[in-house]
Amino acid sequence: MSDDSPRGQAALLGPAEVRTLAEEFGVRPTKQLGQNFVHDANTVRRIVSVAGVGRDDVVLEVGPGLGSLTLALLDVVDRVIAVEIDPKLAARLPETVAQRAPELAGNLDVALRDAMKVRPDELPVAPTALVANLPYNVAVPVLLHLFAEFPSLRTALVMVQSEVADRLAAPPGSKVYGVPSVKACFFGEVRRAGAVGRAVFWPVPQVESGLVRIDRYTEPPWPMDAESRRRVFAVVDAAFAQRRKTLRAALSGWAGSAAEAERRLIAAGIDPSMRGEKLDAAAFVRLAGTE
C-alpha cells in the first residue's frame, strides 16, 4: 500500500460530542438496533490500525452511528461507504463529517440500507474492506451476508460481543466452536484481534466487546459460488442442530437416513461416530460434496 500514515485532519468525537449530537437530533440508542456509540478516540484509532486499511482501500462501515469510527477511517483511507439503517443517523452523518473534517467530506458515501440485505448494485463502488462496530444482535448474520454478497471484500475487522468473538474465532474441538466458527472459516482465516472495554461506549453495554479479523483466502481452497456455499452451510447447520449426537445421527435428516449419512461420512474420510465440533471447515466442504 501507499502512504498509510494518518492524516490527522478529522476532529474525532469525544463523550461530550457524542451526547450533544444524540440529544440535538433526538437520537435515542435502542436495544432493537443494538446501538452503543463509541466515544473514545483512542479506541477508534486502534480499530483502524488493527484493520490495516490504507489509502487504496474502499472501506465498508456498517452502523456508523454518530460517526466516531467514520471520522477515524477517513483519516486513513480515501473512501468510506457507510451503510446505516436509521434514517436520522444516515441524514446526520455527512453533516458531522463536513463540520469536523470538511476536507474529507467528499470521501464519504452514505447508503440508507439494511446491512442484512444490502447488495453490490446498491453501493457506488465495490468495497475492499469491512470495518465496523456491528450491532450485537445481528453481528454474525450481517458478517456472513456481506462476505457472501461482496467477493471484493479482502478483509474485515469487526467489533462484536466478546462471546461472539470467541465463537467466531474458535478452533475445532473448542467448547464454543460451532456454526459461526465454521461459516466464518468458509470465507477466510479468522482470529481474535483484541478486546474492548465497556467504558468506551455510550450507553455503557452490559457485555464486554471483542475485535475479530477475517482475511479472505487469497486462493480459495474450495468453490465459493452460491450453490457450493448453500450445500456446505446446510451440512453445518444439520451437524450442530443436535451437537451432542454423533454425526451419523445428527446428519440422518440431511442425508435421508442414518445409513446414508454414514456412507457419506465414510466417503468424505470422516468417522461417523465423531461429533460436528471436531470437524474443520475443509471436512464440511468434503462432506457437502459427497453424493
# chains A, B, ... in the order shown; residues from 1 in each chain; ligands from 1
$ select_by_dssp --residues "stretch 41-258 of chain A" --states "strand (DSSP E)" --output "NGL selection string"
:A and (58-62 or 79-84 or 108-112 or 129-133 or 155-161 or 188-196 or 201-202 or 209-216)
$ closest_atom_pairs --of "stretch 136-239 of chain A" --to "stretch 59-83 of chain A" --cutoff "12 Å" --atoms "only C-alpha atoms" --output "JSON lines"
{"residue": "A:Tyr136", "atom": "CA", "partner": "A:Gly63", "partner_atom": "CA", "distance": 10.8}
{"residue": "A:Val138", "atom": "CA", "partner": "A:Gly63", "partner_atom": "CA", "distance": 11.2}
{"residue": "A:Ala139", "atom": "CA", "partner": "A:Val62", "partner_atom": "CA", "distance": 10.0}
{"residue": "A:Val142", "atom": "CA", "partner": "A:Val62", "partner_atom": "CA", "distance": 8.9}
{"residue": "A:Leu143", "atom": "CA", "partner": "A:Val62", "partner_atom": "CA", "distance": 9.7}
{"residue": "A:Leu146", "atom": "CA", "partner": "A:Leu60", "partner_atom": "CA", "distance": 9.7}
{"residue": "A:Phe147", "atom": "CA", "partner": "A:Leu60", "partner_atom": "CA", "distance": 11.4}
{"residue": "A:Phe150", "atom": "CA", "partner": "A:Leu60", "partner_atom": "CA", "distance": 10.3}
{"residue": "A:Ser152", "atom": "CA", "partner": "A:Leu60", "partner_atom": "CA", "distance": 10.8}
{"residue": "A:Leu153", "atom": "CA", "partner": "A:Leu60", "partner_atom": "CA", "distance": 8.8}
{"residue": "A:Arg154", "atom": "CA", "partner": "A:Val59", "partner_atom": "CA", "distance": 10.4}
{"residue": "A:Thr155", "atom": "CA", "partner": "A:Val59", "partner_atom": "CA", "distance": 9.8}
{"residue": "A:Ala156", "atom": "CA", "partner": "A:Leu60", "partner_atom": "CA", "distance": 9.2}
{"residue": "A:Leu157", "atom": "CA", "partner": "A:Glu61", "partner_atom": "CA", "distance": 10.0}
{"residue": "A:Val158", "atom": "CA", "partner": "A:Glu61", "partner_atom": "CA", "distance": 9.4}
{"residue": "A:Met159", "atom": "CA", "partner": "A:Val62", "partner_atom": "CA", "distance": 10.8}
{"residue": "A:Val200", "atom": "CA", "partner": "A:Ser68", "partner_atom": "CA", "distance": 11.2}
{"residue": "A:Phe201", "atom": "CA", "partner": "A:Ser68", "partner_atom": "CA", "distance": 10.7}
{"residue": "A:Trp202", "atom": "CA", "partner": "A:Leu66", "partner_atom": "CA", "distance": 11.0}
$ residues_around --residues "stretch 239-255 of chain A" --least-positions-apart "3" --cutoff "6 Å" --atoms "only C-alpha atoms" --output "PyMOL selection string"
chain A and resi 236+258+260-262+272-276
$ write_last_selection --atoms "C-alpha atoms" --output "CSV table (one decimal), in the first residue's frame"
chain,number,residue,atom,x,y,z
A,236,VAL,CA,-23.0,-27.3,9.0
A,258,ALA,CA,-28.6,-42.7,9.3
A,260,GLU,CA,-26.9,-42.8,4.1
A,261,ALA,CA,-25.3,-40.3,6.5
A,262,GLU,CA,-22.7,-42.9,7.5
A,272,PRO,CA,-19.3,-41.4,11.6
A,273,SER,CA,-19.0,-41.6,15.5
A,274,MET,CA,-17.5,-38.1,15.7
A,275,ARG,CA,-19.4,-35.0,16.6
A,276,GLY,CA,-19.6,-31.9,14.5
$ closest_residue --among "A:Gly52, A:Pro102, A:Pro203, A:Pro94" --to "A:Ala10" --atoms "only C-alpha atoms"
A:Pro102
$ residues_around --residues "A:Asp225" --least-positions-apart "2" --cutoff "12 Å" --atoms "only C-alpha atoms" --output "PDB file with N, CA and C atoms, in the first residue's frame"
ATOM      1  N   PHE A 147     -19.846 -11.059   3.456  1.00  0.00           N
ATOM      2  CA  PHE A 147     -18.794 -11.836   2.801  1.00  0.00           C
ATOM      3  C   PHE A 147     -19.344 -12.638   1.629  1.00  0.00           C
ATOM      4  N   ALA A 148     -20.595 -13.070   1.741  1.00  0.00           N
ATOM      5  CA  ALA A 148     -21.199 -13.823   0.646  1.00  0.00           C
ATOM      6  C   ALA A 148     -21.536 -12.918  -0.527  1.00  0.00           C
ATOM      7  N   GLU A 149     -22.055 -11.730  -0.249  1.00  0.00           N
ATOM      8  CA  GLU A 149     -22.533 -10.829  -1.298  1.00  0.00           C
ATOM      9  C   GLU A 149     -21.423  -9.994  -1.937  1.00  0.00           C
ATOM     10  N   PHE A 150     -20.346  -9.765  -1.200  1.00  0.00           N
ATOM     11  CA  PHE A 150     -19.291  -8.872  -1.683  1.00  0.00           C
ATOM     12  C   PHE A 150     -17.949  -9.604  -1.768  1.00  0.00           C
ATOM     13  N   PRO A 151     -17.722 -10.327  -2.865  1.00  0.00           N
ATOM     14  CA  PRO A 151     -16.439 -11.020  -3.029  1.00  0.00           C
ATOM     15  C   PRO A 151     -15.254 -10.060  -3.099  1.00  0.00           C
ATOM     16  N   PHE A 186     -15.234 -20.610   6.373  1.00  0.00           N
ATOM     17  CA  PHE A 186     -15.502 -20.932   4.974  1.00  0.00           C
ATOM     18  C   PHE A 186     -14.942 -19.837   4.072  1.00  0.00           C
ATOM     19  N   PHE A 187     -14.997 -18.584   4.543  1.00  0.00           N
ATOM     20  CA  PHE A 187     -14.587 -17.449   3.725  1.00  0.00           C
ATOM     21  C   PHE A 187     -13.110 -17.083   3.879  1.00  0.00           C
ATOM     22  N   PRO A 220      -8.798 -19.358  -2.868  1.00  0.00           N
ATOM     23  CA  PRO A 220      -9.815 -20.161  -2.176  1.00  0.00           C
ATOM     24  C   PRO A 220      -9.511 -21.656  -2.239  1.00  0.00           C
ATOM     25  N   TRP A 222     -11.555 -24.020  -1.800  1.00  0.00           N
ATOM     26  CA  TRP A 222     -12.738 -24.757  -2.248  1.00  0.00           C
ATOM     27  C   TRP A 222     -13.635 -23.798  -3.028  1.00  0.00           C
ATOM     28  N   PRO A 223     -14.620 -24.324  -3.772  1.00  0.00           N
ATOM     29  CA  PRO A 223     -15.521 -23.450  -4.538  1.00  0.00           C
ATOM     30  C   PRO A 223     -16.289 -22.501  -3.629  1.00  0.00           C
ATOM     31  N   GLU A 227     -24.129 -21.806  -4.800  1.00  0.00           N
ATOM     32  CA  GLU A 227     -24.659 -23.152  -4.638  1.00  0.00           C
ATOM     33  C   GLU A 227     -23.745 -23.987  -3.748  1.00  0.00           C
ATOM     34  N   SER A 228     -22.435 -23.872  -3.952  1.00  0.00           N
ATOM     35  CA  SER A 228     -21.492 -24.603  -3.091  1.00  0.00           C
ATOM     36  C   SER A 228     -21.631 -24.156  -1.642  1.00  0.00           C
ATOM     37  N   ARG A 229     -21.734 -22.849  -1.451  1.00  0.00           N
ATOM     38  CA  ARG A 229     -21.893 -22.311  -0.095  1.00  0.00           C
ATOM     39  C   ARG A 229     -23.190 -22.824   0.535  1.00  0.00           C
ATOM     40  N   ARG A 230     -24.270 -22.846  -0.219  1.00  0.00           N
ATOM     41  CA  ARG A 230     -25.550 -23.317   0.306  1.00  0.00           C
ATOM     42  C   ARG A 230     -25.443 -24.767   0.761  1.00  0.00           C
ATOM     43  N   ARG A 231     -24.784 -25.592  -0.042  1.00  0.00           N
ATOM     44  CA  ARG A 231     -24.648 -27.012   0.288  1.00  0.00           C
ATOM     45  C   ARG A 231     -23.814 -27.200   1.559  1.00  0.00           C
ATOM     46  N   VAL A 232     -22.716 -26.478   1.649  1.00  0.00           N
ATOM     47  CA  VAL A 232     -21.853 -26.603   2.826  1.00  0.00           C
ATOM     48  C   VAL A 232     -22.573 -26.108   4.084  1.00  0.00           C
TER      49      VAL A 232
END
